[in-house]
>>> print(open('work-v3.txt').read())   # compact mmCIF, C-alpha atoms
# COMPACT_ATOMS: atom_id res chain seq x y z
CA MET A 977 95.38 26.99 191.09
CA LEU A 978 96.01 26.52 187.40
CA GLN A 979 99.67 27.35 188.01
CA ARG A 980 99.82 24.41 190.44
CA VAL A 981 98.25 22.17 187.79
CA LYS A 982 100.95 23.33 185.37
CA GLU A 983 103.59 22.40 187.96
CA GLY A 984 102.16 18.87 188.01
CA CYS A 985 100.60 19.01 191.47
CA SER A 986 97.80 16.62 192.30
CA ASN A 987 94.47 17.81 193.66
CA ARG A 988 95.58 16.65 197.10
CA GLU A 989 98.83 18.62 196.92
CA ILE A 990 96.94 21.73 195.80
CA ALA A 991 94.47 21.30 198.66
CA ILE A 992 97.25 21.05 201.22
CA THR A 993 99.10 24.06 199.78
CA HIS A 994 96.00 26.26 199.80
CA ARG A 995 94.53 24.79 203.00
CA ILE A 996 91.25 23.84 201.37
CA SER A 997 89.49 20.52 200.82
CA GLU A 998 90.19 18.30 197.84
CA ASP A 999 86.54 18.65 196.80
CA THR A 1000 86.98 22.43 196.67
CA VAL A 1001 90.03 22.01 194.44
CA LYS A 1002 88.07 19.70 192.14
CA TRP A 1003 85.22 22.23 192.00
CA HIS A 1004 87.56 25.10 191.11
CA ILE A 1005 89.44 23.10 188.49
CA ARG A 1006 86.19 21.88 186.92
CA ASN A 1007 85.00 25.49 186.67
CA ILE A 1008 88.30 26.55 185.11
CA PHE A 1009 87.90 23.78 182.50
CA ILE A 1010 84.42 25.03 181.65
CA LYS A 1011 85.47 28.68 181.40
CA ILE A 1012 88.42 28.06 179.09
CA GLY A 1013 86.87 25.16 177.19
CA ALA A 1014 89.27 22.44 178.28
CA ARG A 1015 88.56 18.73 178.69
CA ASN A 1016 91.54 17.76 180.84
CA ARG A 1017 94.47 19.16 182.80
CA VAL A 1018 96.91 19.17 179.88
CA GLN A 1019 94.48 20.93 177.59
CA ALA A 1020 93.69 23.45 180.34
CA VAL A 1021 97.35 24.34 180.80
CA LEU A 1022 97.93 24.66 177.05
CA LYS A 1023 94.87 26.89 176.59
CA ALA A 1024 95.75 29.00 179.62
CA ASP A 1025 99.25 29.55 178.19
CA GLN A 1026 97.76 30.59 174.85
CA LEU A 1027 95.44 33.02 176.62
CA GLY A 1028 98.32 34.44 178.66
CA LEU A 1029 96.80 33.38 181.96
CA LEU A 1030 99.95 31.71 183.29
CA SER A 1031 103.31 33.29 183.91
>>> encode(input="work-v3.txt", output="C-alpha cells")
Amino acid sequence: MLQRVKEGCSNREIAITHRISEDTVKWHIRNIFIKIGARNRVQAVLKADQLGLLS
C-alpha cells in the first residue's frame, strides 16, 4: 500500500486496485503513519525509504 502512495495514487485508486473500500485504505495508511512516525504521505514515503521498506 505504501508503494502505491509513493507512486502518487489516491486512496480511491488504491482501493480500486486492491479491491477494498476507501475506508479500509485510510485505516491501513493511518496505521502505517503511526508505526513509522509519519504525519503525512510525503513524510511516510521518505521514512519508509530510509528504513528500506520500499523497493
>>> residues_around(input="work-v3.txt", residues="stretch 985-988 of chain A", least_positions_apart="4", cutoff="7 Å", atoms="all atoms listed in the file", output="count of residues only")
6
>>> residues_around(input="work-v3.txt", residues="A:Gln979", least_positions_apart="3", cutoff="7 Å", atoms="all atoms listed in the file", output="short mmCIF file (atom, residue, chain, number, x, y, z; two decimals) with C-alpha atoms, keeping the file's coordinate frame")
data_model
loop_
_atom_site.label_atom_id
_atom_site.label_comp_id
_atom_site.auth_asym_id
_atom_site.auth_seq_id
_atom_site.Cartn_x
_atom_site.Cartn_y
_atom_site.Cartn_z
CA LYS A 982 100.95 23.33 185.37
CA GLU A 983 103.59 22.40 187.96
CA LEU A 1030 99.95 31.71 183.29
#
>>> closest_residue(input="work-v3.txt", among="A:Val1018, A:Leu1029, A:Met977, A:Ile1010", to="A:Thr993", atoms="all atoms listed in the file")
A:Met977
>>> residues_around(input="work-v3.txt", residues="A:Gln1019", least_positions_apart="3", cutoff="12 Å", atoms="all atoms listed in the file", output="ChimeraX atom specification")
/A:978,981-982,1008-1010,1012-1016,1022-1026
>>> atom_distance(input="work-v3.txt", atom1="atom CA of A:Asp999", atom2="atom CA of A:Ser1031")
25.7 Å
>>> atom_distance(input="work-v3.txt", atom1="atom CA of A:Ile990", atom2="atom CA of A:Ala1020")
15.9 Å
